[in-house]
Amino acid sequence: MIETFFAVDPVESWPEHLAELARRPRRSPFAAEAMELVGSLSERILKSDVAHRFPELAALAHWFRPASLSRMRADLLQSAGTQGIRPRGCAFLIAPANVDILFIYGWLLSLLAGNATVVRVSQKPSDARTSFLSLVRSASDDIRYRQLLRDSVVVSYPHESTMNRLLSQWCDLRLIWGGDATVNAIRAIPLKPTAVEGAFADRFSMAVFDARVILEEADRRLAELARRFANDTLWFSQQACSSPRMVFWIGEPSDVEAAKARFWPLFREAAGAFDDEPAAMMSRVNDVFAMAAGGLIGGVGDNVVQVPTRAAGLAAASAVRELHSGFGLFVEYQISSLAELVSQLTDKDQTLVLHGASPAAVDQLLDSLPNRALDRIVRVGQATDFGVTWDGINLMDIMTRRVAVARVAG
């Protein structure tokens with residue numbers, strides 16, 4: 001069954017509706033009316049109670065504010081140089097279930113690029129999604145935006161639906177966010193020969209703290225650091241691929257233990273602002289038992305029914321990745337320097353949240369990275385920040401195409 005969450009025009013026949021979307025003329029990337037619409041949605045979020053009920057939507061609204069849109073447009077024009085820029089055409093976006101608002105970023109970027117866009121979202125209920133789409137419907141009542149929004153449809157349907165094949169044959173761009181199994185299943189469905197694809201599969205993230213730096217932090221600054229790290233990890237119940245699930249501590253054993261004793265109580269206090277659902281607690285407990293049974297972790301540093309649940313890592317990080325499902329569990333390691341982290345990295349690792357390393361140590365790490373490991377190195381509080389470049393792919397580049405123009409003087 002296909003459930004349509006947003007469409008300006010009723011969809012009576014999908015083949016005919018998709019054909020109509022493909023026939024419509026495309027707007028230039030960052031057309032004035034598209035920038036005005038997205039800026040208006042940003043303003044509507046920030047002026048409504050949605051921003052208070054869903055901080056992740058407030059962050060999204062801030063990212064899509066008009067000043068940010070102008071910078072994105074300038075960056076795209078600068079990267080194109082003398083080439084012409086056109087939309088990719090028709091985009092098919094498959095959004096993940098674990099971060100329910102990620103579809104909005106992809107959708108609005110595709111709209112800004114000038115594409116006709118069909119977004120497939122999870123069948124799981126989402127209050128944040130419902131609230132956002134209510135604002136979009138309100139915007140579609142405005143004659144200035146209605147025609148523009150006719151090019152967008154947000155739907156949900158079972159994974160095995162024939163819609164995946166229909167949309168894959170229709171689109172010029174297919175973007176997949178999901179687990180490895182989802183990516184592999186969708187990739188098995190052929191695209192038309194001229195289409196392109198981007199896939200964002202299972203990734204893993206971690207944090208590195210220098211113990212001496214933590215010990216030297218003033219109480220107030222350390223409390224703020226703990227609050228930001230709670231946002232990094234608990235905003236999406238540690239389900240975002242960019243949310244750290246491991247913490248590597250740099251320093252001597254005595255310094256590391258003292259730093260933990262300062263940092264984690266402040267983190268627990270900050271974690272009180274987040275819900276800890278019974279299902280999340282059970283997943284956390286099951287992970288601890290499974291890792292302990294496999295000899296992957298040692299003693300648990302905190303009560304397993306509380307956030308954070310901490311465990312000492314005994315085995316290589318790669319073994320822990322396979323069993324770690326998030327939900328407020330942190331596996332901790334001790335290393336002597338940032339360079340020692342390299343041996344623990346794999347192509348599954350996406351984001352490194354870093355506090356305390358010198359620029360020279362970061363440069364040394366970059367020079368030593370194994371194949372495909374790490375796409376982002378960020379400060380505490382920036383793990384879940386969205387960017388046009390994701391997993392090493394510039395989304396605006398893939399959502400548009402370049403037209404080489406031989407410009408002859410005279």
# chains A, B, ... in the order shown; residues from 1 in each chain; ligands from 1

call {"tool": "closest_atom_pairs", "arguments": {"of": "range 300-368 of chain A", "to": "range 204-214 of chain A", "cutoff": "6 Å", "atoms": "only C-alpha atoms", "output": "JSON lines"}}
result
{"residue": "A:Lys348", "atom": "CA", "partner": "A:Phe204", "partner_atom": "CA", "distance": 5.8}
{"residue": "A:Asp349", "atom": "CA", "partner": "A:Phe204", "partner_atom": "CA", "distance": 4.7}
{"residue": "A:Gln350", "atom": "CA", "partner": "A:Ser205", "partner_atom": "CA", "distance": 5.5}
{"residue": "A:Thr351", "atom": "CA", "partner": "A:Ser205", "partner_atom": "CA", "distance": 4.8}
{"residue": "A:Leu352", "atom": "CA", "partner": "A:Met206", "partner_atom": "CA", "distance": 5.2}
{"residue": "A:Val353", "atom": "CA", "partner": "A:Ala207", "partner_atom": "CA", "distance": 4.4}
{"residue": "A:Leu354", "atom": "CA", "partner": "A:Val208", "partner_atom": "CA", "distance": 5.0}
{"residue": "A:His355", "atom": "CA", "partner": "A:Phe209", "partner_atom": "CA", "distance": 5.0}
{"residue": "A:Gly356", "atom": "CA", "partner": "A:Asp210", "partner_atom": "CA", "distance": 5.1}

call {"tool": "write_last_selection", "arguments": {"atoms": "N, CA and C atoms", "output": "mmCIF file, in the first residue's frame"}}
result
data_model
loop_
_atom_site.group_PDB
_atom_site.id
_atom_site.type_symbol
_atom_site.label_atom_id
_atom_site.label_comp_id
_atom_site.auth_asym_id
_atom_site.auth_seq_id
_atom_site.Cartn_x
_atom_site.Cartn_y
_atom_site.Cartn_z
ATOM 1 N N LYS A 348 34.258 1.670 7.600
ATOM 2 C CA LYS A 348 32.938 1.909 8.176
ATOM 3 C C LYS A 348 32.892 3.191 8.999
ATOM 4 N N ASP A 349 34.033 3.754 9.341
ATOM 5 C CA ASP A 349 34.072 4.896 10.257
ATOM 6 C C ASP A 349 33.846 6.199 9.507
ATOM 7 N N GLN A 350 32.879 6.966 10.005
ATOM 8 C CA GLN A 350 32.493 8.199 9.320
ATOM 9 C C GLN A 350 32.989 9.459 10.026
ATOM 10 N N THR A 351 32.564 9.654 11.290
ATOM 11 C CA THR A 351 32.823 10.912 11.993
ATOM 12 C C THR A 351 33.687 10.675 13.222
ATOM 13 N N LEU A 352 34.670 11.543 13.391
ATOM 14 C CA LEU A 352 35.496 11.552 14.600
ATOM 15 C C LEU A 352 35.246 12.870 15.320
ATOM 16 N N VAL A 353 34.699 12.776 16.534
ATOM 17 C CA VAL A 353 34.524 13.949 17.385
ATOM 18 C C VAL A 353 35.784 14.072 18.229
ATOM 19 N N LEU A 354 36.409 15.223 18.167
ATOM 20 C CA LEU A 354 37.751 15.365 18.738
ATOM 21 C C LEU A 354 37.816 16.545 19.688
ATOM 22 N N HIS A 355 38.430 16.311 20.863
ATOM 23 C CA HIS A 355 38.642 17.393 21.822
ATOM 24 C C HIS A 355 40.021 17.246 22.454
ATOM 25 N N GLY A 356 40.869 18.217 22.143
ATOM 26 C CA GLY A 356 42.148 18.291 22.838
ATOM 27 C C GLY A 356 43.380 17.998 22.016
#

call {"tool": "closest_atom_pairs", "arguments": {"of": "range 1-57 of chain A", "to": "range 399-406 of chain A", "cutoff": "12 Å", "atoms": "only C-alpha atoms", "output": "CSV"}}
result
residue,atom,partner,partner_atom,distance
A:Arg26,CA,A:Thr400,CA,11.3
A:Arg27,CA,A:Thr400,CA,11.3
A:Ser28,CA,A:Thr400,CA,9.6
A:Pro29,CA,A:Thr400,CA,7.6
A:Phe30,CA,A:Thr400,CA,10.7

call {"tool": "write_last_selection", "arguments": {"atoms": "C-alpha atoms", "output": "PDB file, in the first residue's frame"}}
result
ATOM      1  CA  ARG A  26      13.066  22.460 -14.777  1.00  0.00           C
ATOM      2  CA  ARG A  27      13.977  25.611 -12.896  1.00  0.00           C
ATOM      3  CA  SER A  28      17.571  26.722 -12.672  1.00  0.00           C
ATOM      4  CA  PRO A  29      19.401  25.713  -9.481  1.00  0.00           C
ATOM      5  CA  PHE A  30      18.787  28.177  -6.668  1.00  0.00           C
TER       6      PHE A  30
END

call {"tool": "select_by_dssp", "arguments": {"residues": "range 214-287 of chain A", "states": "helix (DSSP H, G or I)", "output": "PyMOL selection string"}}
result
chain A and resi 214-216+219-234+253-271+278-287

call {"tool": "write_last_selection", "arguments": {"atoms": "N, CA and C atoms", "output": "tab-separated table (two decimals), in the first residue's frame"}}
result
chain	number	residue	atom	x	y	z
A	214	ILE	N	40.85	17.59	29.47
A	214	ILE	CA	39.61	17.50	30.26
A	214	ILE	C	39.87	17.91	31.70
A	215	LEU	N	40.97	17.46	32.28
A	215	LEU	CA	41.27	17.79	33.67
A	215	LEU	C	41.56	19.27	33.87
A	216	GLU	N	42.03	19.93	32.83
A	216	GLU	CA	42.37	21.35	32.94
A	216	GLU	C	41.20	22.28	32.65
A	219	ASP	N	35.17	24.20	35.45
A	219	ASP	CA	33.94	23.45	35.69
A	219	ASP	C	32.82	23.85	34.73
A	220	ARG	N	32.64	25.14	34.53
A	220	ARG	CA	31.55	25.61	33.69
A	220	ARG	C	31.76	25.20	32.23
A	221	ARG	N	32.99	25.30	31.77
A	221	ARG	CA	33.28	24.93	30.38
A	221	ARG	C	33.13	23.42	30.18
A	222	LEU	N	33.52	22.64	31.18
A	222	LEU	CA	33.40	21.19	31.05
A	222	LEU	C	31.93	20.76	31.05
A	223	ALA	N	31.11	21.43	31.85
A	223	ALA	CA	29.68	21.13	31.86
A	223	ALA	C	29.07	21.42	30.49
A	224	GLU	N	29.49	22.50	29.85
A	224	GLU	CA	29.00	22.82	28.51
A	224	GLU	C	29.49	21.79	27.50
A	225	LEU	N	30.72	21.33	27.66
A	225	LEU	CA	31.26	20.30	26.77
A	225	LEU	C	30.44	19.02	26.89
A	226	ALA	N	30.10	18.64	28.13
A	226	ALA	CA	29.30	17.44	28.35
A	226	ALA	C	27.91	17.59	27.74
A	227	ARG	N	27.33	18.78	27.84
A	227	ARG	CA	26.01	19.02	27.25
A	227	ARG	C	26.06	18.88	25.73
A	228	ARG	N	27.11	19.41	25.13
A	228	ARG	CA	27.23	19.31	23.68
A	228	ARG	C	27.44	17.87	23.24
A	229	PHE	N	28.19	17.12	24.02
A	229	PHE	CA	28.42	15.72	23.67
A	229	PHE	C	27.13	14.92	23.83
A	230	ALA	N	26.31	15.29	24.80
A	230	ALA	CA	24.99	14.66	24.93
A	230	ALA	C	24.15	14.93	23.69
A	231	ASN	N	24.20	16.15	23.16
A	231	ASN	CA	23.50	16.46	21.92
A	231	ASN	C	24.04	15.62	20.76
A	232	ASP	N	25.36	15.47	20.71
A	232	ASP	CA	25.99	14.67	19.65
A	232	ASP	C	25.48	13.23	19.64
A	233	THR	N	25.25	12.69	20.82
A	233	THR	CA	25.00	11.26	20.93
A	233	THR	C	23.54	10.89	21.20
A	234	LEU	N	22.80	11.73	21.90
A	234	LEU	CA	21.47	11.34	22.36
A	234	LEU	C	20.33	12.01	21.61
A	253	PRO	N	47.04	6.16	32.51
A	253	PRO	CA	45.87	5.57	33.18
A	253	PRO	C	45.31	6.42	34.30
A	254	SER	N	46.17	7.01	35.13
A	254	SER	CA	45.67	7.81	36.26
A	254	SER	C	44.95	9.06	35.77
A	255	ASP	N	45.47	9.69	34.72
A	255	ASP	CA	44.83	10.88	34.16
A	255	ASP	C	43.49	10.52	33.52
A	256	VAL	N	43.47	9.40	32.81
A	256	VAL	CA	42.24	8.97	32.15
A	256	VAL	C	41.14	8.70	33.16
A	257	GLU	N	41.46	8.01	34.23
A	257	GLU	CA	40.45	7.71	35.25
A	257	GLU	C	39.94	8.99	35.90
A	258	ALA	N	40.85	9.92	36.16
A	258	ALA	CA	40.44	11.20	36.77
A	258	ALA	C	39.56	12.01	35.82
A	259	ALA	N	39.89	11.97	34.53
A	259	ALA	CA	39.10	12.71	33.53
A	259	ALA	C	37.70	12.11	33.41
A	260	LYS	N	37.63	10.79	33.41
A	260	LYS	CA	36.32	10.13	33.36
A	260	LYS	C	35.47	10.52	34.56
A	261	ALA	N	36.11	10.57	35.73
A	261	ALA	CA	35.39	10.90	36.96
A	261	ALA	C	34.83	12.32	36.93
A	262	ARG	N	35.47	13.21	36.19
A	262	ARG	CA	34.96	14.58	36.04
A	262	ARG	C	33.89	14.66	34.95
A	263	PHE	N	34.13	14.00	33.83
A	263	PHE	CA	33.30	14.21	32.65
A	263	PHE	C	31.95	13.49	32.72
A	264	TRP	N	31.94	12.20	33.06
A	264	TRP	CA	30.72	11.41	32.92
A	264	TRP	C	29.59	11.83	33.86
A	265	PRO	N	29.85	12.25	35.10
A	265	PRO	CA	28.72	12.75	35.90
A	265	PRO	C	28.04	13.96	35.28
A	266	LEU	N	28.83	14.83	34.64
A	266	LEU	CA	28.25	15.99	33.97
A	266	LEU	C	27.45	15.56	32.74
A	267	PHE	N	27.95	14.55	32.05
A	267	PHE	CA	27.20	14.02	30.91
A	267	PHE	C	25.87	13.43	31.37
A	268	ARG	N	25.91	12.67	32.48
A	268	ARG	CA	24.66	12.07	32.98
A	268	ARG	C	23.64	13.14	33.33
A	269	GLU	N	24.11	14.23	33.88
A	269	GLU	CA	23.20	15.33	34.20
A	269	GLU	C	22.57	15.89	32.93
A	270	ALA	N	23.40	16.08	31.89
A	270	ALA	CA	22.88	16.59	30.62
A	270	ALA	C	21.95	15.59	29.96
A	271	ALA	N	22.20	14.30	30.15
A	271	ALA	CA	21.38	13.26	29.53
A	271	ALA	C	19.96	13.25	30.08
A	278	PRO	N	11.91	2.47	27.32
A	278	PRO	CA	12.18	1.10	27.76
A	278	PRO	C	12.82	0.24	26.67
A	279	ALA	N	12.38	0.41	25.43
A	279	ALA	CA	12.96	-0.39	24.34
A	279	ALA	C	14.43	-0.05	24.14
A	280	ALA	N	14.80	1.23	24.32
A	280	ALA	CA	16.19	1.64	24.20
A	280	ALA	C	17.02	1.01	25.31
A	281	MET	N	16.48	1.02	26.53
A	281	MET	CA	17.18	0.42	27.65
A	281	MET	C	17.43	-1.07	27.42
A	282	MET	N	16.42	-1.77	26.90
A	282	MET	CA	16.57	-3.20	26.65
A	282	MET	C	17.62	-3.47	25.58
A	283	SER	N	17.64	-2.65	24.54
A	283	SER	CA	18.66	-2.81	23.50
A	283	SER	C	20.05	-2.61	24.07
A	284	ARG	N	20.18	-1.61	24.93
A	284	ARG	CA	21.47	-1.32	25.56
A	284	ARG	C	21.93	-2.49	26.43
A	285	VAL	N	21.02	-3.01	27.23
A	285	VAL	CA	21.35	-4.14	28.11
A	285	VAL	C	21.72	-5.37	27.28
A	286	ASN	N	20.97	-5.65	26.23
A	286	ASN	CA	21.26	-6.80	25.38
A	286	ASN	C	22.64	-6.68	24.74
A	287	ASP	N	22.99	-5.47	24.30
A	287	ASP	CA	24.30	-5.25	23.70
A	287	ASP	C	25.42	-5.53	24.71

call {"tool": "closest_residue", "arguments": {"among": "A:Phe330, A:Asp276, A:Ala218, A:His324", "to": "Gln306 in chain A", "atoms": "only C-alpha atoms"}}
result
A:Asp276

call {"tool": "atom_distance", "arguments": {"atom1": "CA of Thr130 in chain A", "atom2": "CA of Pro10 in chain A"}}
result
18.6 Å

call {"tool": "closest_residue", "arguments": {"among": "A:Phe6, A:Arg24, A:Val154, A:Asn303", "to": "Ser138 in chain A", "atoms": "only C-alpha atoms"}}
result
A:Phe6

call {"tool": "residues_around", "arguments": {"residues": "Ala19 in chain A", "least_positions_apart": "6", "cutoff": "12 Å", "atoms": "only C-alpha atoms", "output": "PyMOL selection string"}}
result
chain A and resi 11+13+90+116+151+166-167+169-171

call {"tool": "write_last_selection", "arguments": {"atoms": "N, CA and C atoms", "output": "short mmCIF file (atom, residue, chain, number, x, y, z; two decimals), in the first residue's frame"}}
result
data_model
loop_
_atom_site.label_atom_id
_atom_site.label_comp_id
_atom_site.auth_asym_id
_atom_site.auth_seq_id
_atom_site.Cartn_x
_atom_site.Cartn_y
_atom_site.Cartn_z
N VAL A 11 -2.58 11.91 -6.58
CA VAL A 11 -1.93 10.93 -7.46
C VAL A 11 -2.91 9.79 -7.71
N SER A 13 -2.75 7.90 -10.79
CA SER A 13 -1.99 6.88 -11.51
C SER A 13 -0.52 7.25 -11.41
N CYS A 90 15.08 14.39 -12.51
CA CYS A 90 14.12 13.76 -11.60
C CYS A 90 14.89 12.98 -10.54
N ALA A 116 12.61 17.68 -9.96
CA ALA A 116 11.36 17.05 -9.51
C ALA A 116 11.78 15.93 -8.58
N ASP A 151 6.15 19.88 -7.86
CA ASP A 151 7.22 18.99 -8.32
C ASP A 151 7.73 18.06 -7.24
N LEU A 166 9.66 1.12 -10.25
CA LEU A 166 9.05 2.17 -11.07
C LEU A 166 9.82 3.48 -10.93
N LEU A 167 10.12 3.85 -9.69
CA LEU A 167 10.83 5.11 -9.45
C LEU A 167 12.27 5.06 -9.93
N GLN A 169 13.36 3.43 -12.53
CA GLN A 169 13.36 3.58 -13.98
C GLN A 169 13.00 5.00 -14.41
N TRP A 170 12.35 5.73 -13.53
CA TRP A 170 11.92 7.12 -13.82
C TRP A 170 13.02 8.13 -13.56
N CYS A 171 13.80 7.91 -12.52
CA CYS A 171 14.67 8.97 -12.00
C CYS A 171 15.96 9.14 -12.80
#

call {"tool": "closest_residue", "arguments": {"among": "A:Ala59, A:Met1, A:Met72, A:Ile45", "to": "Thr389 in chain A", "atoms": "only C-alpha atoms"}}
result
A:Met72

call {"tool": "select_by_dssp", "arguments": {"residues": "range 247-406 of chain A", "states": "strand (DSSP E or B)", "output": "short mmCIF file (atom, residue, chain, number, x, y, z; two decimals) with N, CA and C atoms, in the first residue's frame"}}
result
data_model
loop_
_atom_site.label_atom_id
_atom_site.label_comp_id
_atom_site.auth_asym_id
_atom_site.auth_seq_id
_atom_site.Cartn_x
_atom_site.Cartn_y
_atom_site.Cartn_z
N VAL A 247 34.45 5.88 22.85
CA VAL A 247 35.25 7.01 23.30
C VAL A 247 36.67 6.51 23.55
N PHE A 248 37.63 7.13 22.87
CA PHE A 248 39.04 6.84 23.08
C PHE A 248 39.63 7.96 23.93
N TRP A 249 40.28 7.58 25.02
CA TRP A 249 40.90 8.55 25.92
C TRP A 249 42.40 8.53 25.73
N ILE A 250 42.98 9.70 25.47
CA ILE A 250 44.43 9.83 25.33
C ILE A 250 45.01 10.20 26.69
N ILE A 297 34.20 -6.76 26.02
CA ILE A 297 34.24 -5.68 27.00
C ILE A 297 34.54 -6.24 28.38
N GLY A 298 35.05 -5.35 29.23
CA GLY A 298 35.31 -5.72 30.61
C GLY A 298 34.22 -5.17 31.51
N GLY A 299 34.61 -4.64 32.65
CA GLY A 299 33.64 -4.15 33.61
C GLY A 299 32.81 -3.01 33.07
N VAL A 300 31.55 -2.98 33.48
CA VAL A 300 30.65 -1.91 33.09
C VAL A 300 30.78 -0.79 34.11
N THR A 309 25.58 4.25 29.81
CA THR A 309 26.12 2.95 30.20
C THR A 309 27.50 2.86 29.57
N ARG A 310 28.49 2.58 30.39
CA ARG A 310 29.87 2.59 29.91
C ARG A 310 30.50 1.22 30.13
N ALA A 311 31.34 0.82 29.18
CA ALA A 311 32.03 -0.46 29.29
C ALA A 311 33.45 -0.30 28.78
N ALA A 312 34.37 -1.01 29.39
CA ALA A 312 35.78 -0.97 28.97
C ALA A 312 36.00 -1.90 27.79
N GLY A 313 36.50 -1.37 26.69
CA GLY A 313 36.74 -2.20 25.52
C GLY A 313 37.96 -3.07 25.69
N LEU A 329 24.94 3.69 25.04
CA LEU A 329 26.04 2.82 25.45
C LEU A 329 27.35 3.34 24.85
N PHE A 330 28.38 3.42 25.69
CA PHE A 330 29.70 3.89 25.25
C PHE A 330 30.75 2.85 25.63
N VAL A 331 31.50 2.38 24.65
CA VAL A 331 32.62 1.49 24.90
C VAL A 331 33.88 2.35 24.88
N GLU A 332 34.69 2.25 25.94
CA GLU A 332 35.82 3.15 26.13
C GLU A 332 37.15 2.41 25.97
N TYR A 333 38.11 3.14 25.39
CA TYR A 333 39.46 2.63 25.19
C TYR A 333 40.46 3.69 25.66
N GLN A 334 41.65 3.24 25.97
CA GLN A 334 42.73 4.15 26.33
C GLN A 334 43.84 4.02 25.30
N ILE A 335 44.31 5.16 24.78
CA ILE A 335 45.41 5.18 23.83
C ILE A 335 46.44 6.22 24.29
N ASP A 349 34.03 3.75 9.34
CA ASP A 349 34.07 4.90 10.26
C ASP A 349 33.85 6.20 9.51
N GLN A 350 32.88 6.97 10.00
CA GLN A 350 32.49 8.20 9.32
C GLN A 350 32.99 9.46 10.03
N THR A 351 32.56 9.65 11.29
CA THR A 351 32.82 10.91 11.99
C THR A 351 33.69 10.68 13.22
N LEU A 352 34.67 11.54 13.39
CA LEU A 352 35.50 11.55 14.60
C LEU A 352 35.25 12.87 15.32
N VAL A 353 34.70 12.78 16.53
CA VAL A 353 34.52 13.95 17.39
C VAL A 353 35.78 14.07 18.23
N LEU A 354 36.41 15.22 18.17
CA LEU A 354 37.75 15.37 18.74
C LEU A 354 37.82 16.55 19.69
N HIS A 355 38.43 16.31 20.86
CA HIS A 355 38.64 17.39 21.82
C HIS A 355 40.02 17.25 22.45
N ARG A 376 34.71 12.83 8.27
CA ARG A 376 34.53 14.08 9.02
C ARG A 376 35.34 14.02 10.31
N ILE A 377 35.98 15.12 10.63
CA ILE A 377 36.60 15.33 11.95
C ILE A 377 36.04 16.64 12.47
N VAL A 378 35.30 16.57 13.58
CA VAL A 378 34.56 17.74 14.06
C VAL A 378 34.82 17.96 15.54
N THR A 389 28.33 18.39 1.97
CA THR A 389 29.18 17.24 1.72
C THR A 389 28.91 16.19 2.78
N TRP A 390 28.49 15.00 2.36
CA TRP A 390 28.11 13.92 3.28
C TRP A 390 28.78 12.63 2.83
N ILE A 393 30.67 12.93 -0.32
CA ILE A 393 29.96 13.27 -1.56
C ILE A 393 29.32 14.64 -1.41
N ASN A 394 29.58 15.53 -2.36
CA ASN A 394 28.93 16.83 -2.37
C ASN A 394 27.53 16.65 -2.98
N THR A 400 22.91 18.22 -9.32
CA THR A 400 22.92 19.06 -10.52
C THR A 400 23.86 18.43 -11.54
N ARG A 401 23.86 18.99 -12.72
CA ARG A 401 24.81 18.54 -13.75
C ARG A 401 25.45 19.75 -14.39
N ARG A 402 26.60 19.55 -14.95
CA ARG A 402 27.34 20.65 -15.59
C ARG A 402 27.24 20.54 -17.10
N VAL A 403 27.04 21.65 -17.72
CA VAL A 403 26.98 21.71 -19.19
C VAL A 403 28.20 22.48 -19.68
#

call {"tool": "residues_around", "arguments": {"residues": "Pro96 in chain A", "least_positions_apart": "2", "cutoff": "7 Å", "atoms": "only C-alpha atoms", "output": "count of residues only"}}
result
7

call {"tool": "residues_around", "arguments": {"residues": "Val118 in chain A", "least_positions_apart": "4", "cutoff": "12 Å", "atoms": "only C-alpha atoms", "output": "MDAnalysis selection string"}}
result
chainID A and resid 4:7 14 17:18 21:22 89:95 103:104 106:108 110:111 149:156 163:164 166:168 170:175

call {"tool": "atom_distance", "arguments": {"atom1": "CA of Ala113 in chain A", "atom2": "CA of Ala74 in chain A"}}
result
13.0 Å

call {"tool": "residues_around", "arguments": {"residues": "Ala181 in chain A", "least_positions_apart": "5", "cutoff": "10 Å", "atoms": "only C-alpha atoms", "output": "ChimeraX atom specification"}}
result
/A:186-187,201-202

call {"tool": "atom_distance", "arguments": {"atom1": "CA of Arg129 in chain A", "atom2": "CA of Trp235 in chain A"}}
result
15.4 Å

call {"tool": "closest_residue", "arguments": {"among": "A:Ser42, A:Gln364, A:Ser325, A:Gln382", "to": "Glu340 in chain A", "atoms": "only C-alpha atoms"}}
result
A:Gln364

call {"tool": "decode", "arguments": {"residues": "range 35-59 of chain A", "atoms": "C-alpha atoms", "output": "PDB file, in the first residue's frame"}}
result
ATOM      1  CA  MET A  35      15.197  30.131  -2.245  1.00  0.00           C
ATOM      2  CA  GLU A  36      12.212  32.181  -1.109  1.00  0.00           C
ATOM      3  CA  LEU A  37      10.181  29.032  -0.359  1.00  0.00           C
ATOM      4  CA  VAL A  38      12.940  27.311   1.621  1.00  0.00           C
ATOM      5  CA  GLY A  39      13.683  30.530   3.490  1.00  0.00           C
ATOM      6  CA  SER A  40       9.985  30.837   4.289  1.00  0.00           C
ATOM      7  CA  LEU A  41       9.871  27.266   5.653  1.00  0.00           C
ATOM      8  CA  SER A  42      12.885  28.057   7.828  1.00  0.00           C
ATOM      9  CA  GLU A  43      11.108  31.119   9.200  1.00  0.00           C
ATOM     10  CA  ARG A  44       7.841  29.223   9.749  1.00  0.00           C
ATOM     11  CA  ILE A  45       9.642  26.606  11.840  1.00  0.00           C
ATOM     12  CA  LEU A  46      11.484  29.136  13.975  1.00  0.00           C
ATOM     13  CA  LYS A  47       8.324  31.168  14.611  1.00  0.00           C
ATOM     14  CA  SER A  48       6.174  28.173  15.577  1.00  0.00           C
ATOM     15  CA  ASP A  49       6.149  25.897  18.608  1.00  0.00           C
ATOM     16  CA  VAL A  50       7.695  23.228  16.364  1.00  0.00           C
ATOM     17  CA  ALA A  51      11.132  24.697  17.094  1.00  0.00           C
ATOM     18  CA  HIS A  52      10.609  24.182  20.824  1.00  0.00           C
ATOM     19  CA  ARG A  53       9.094  20.697  20.575  1.00  0.00           C
ATOM     20  CA  PHE A  54      11.656  19.406  18.087  1.00  0.00           C
ATOM     21  CA  PRO A  55      15.124  20.976  18.507  1.00  0.00           C
ATOM     22  CA  GLU A  56      16.330  18.983  15.496  1.00  0.00           C
ATOM     23  CA  LEU A  57      13.877  20.934  13.324  1.00  0.00           C
ATOM     24  CA  ALA A  58      15.114  24.198  14.824  1.00  0.00           C
ATOM     25  CA  ALA A  59      18.654  23.188  13.827  1.00  0.00           C
TER      26      ALA A  59
END
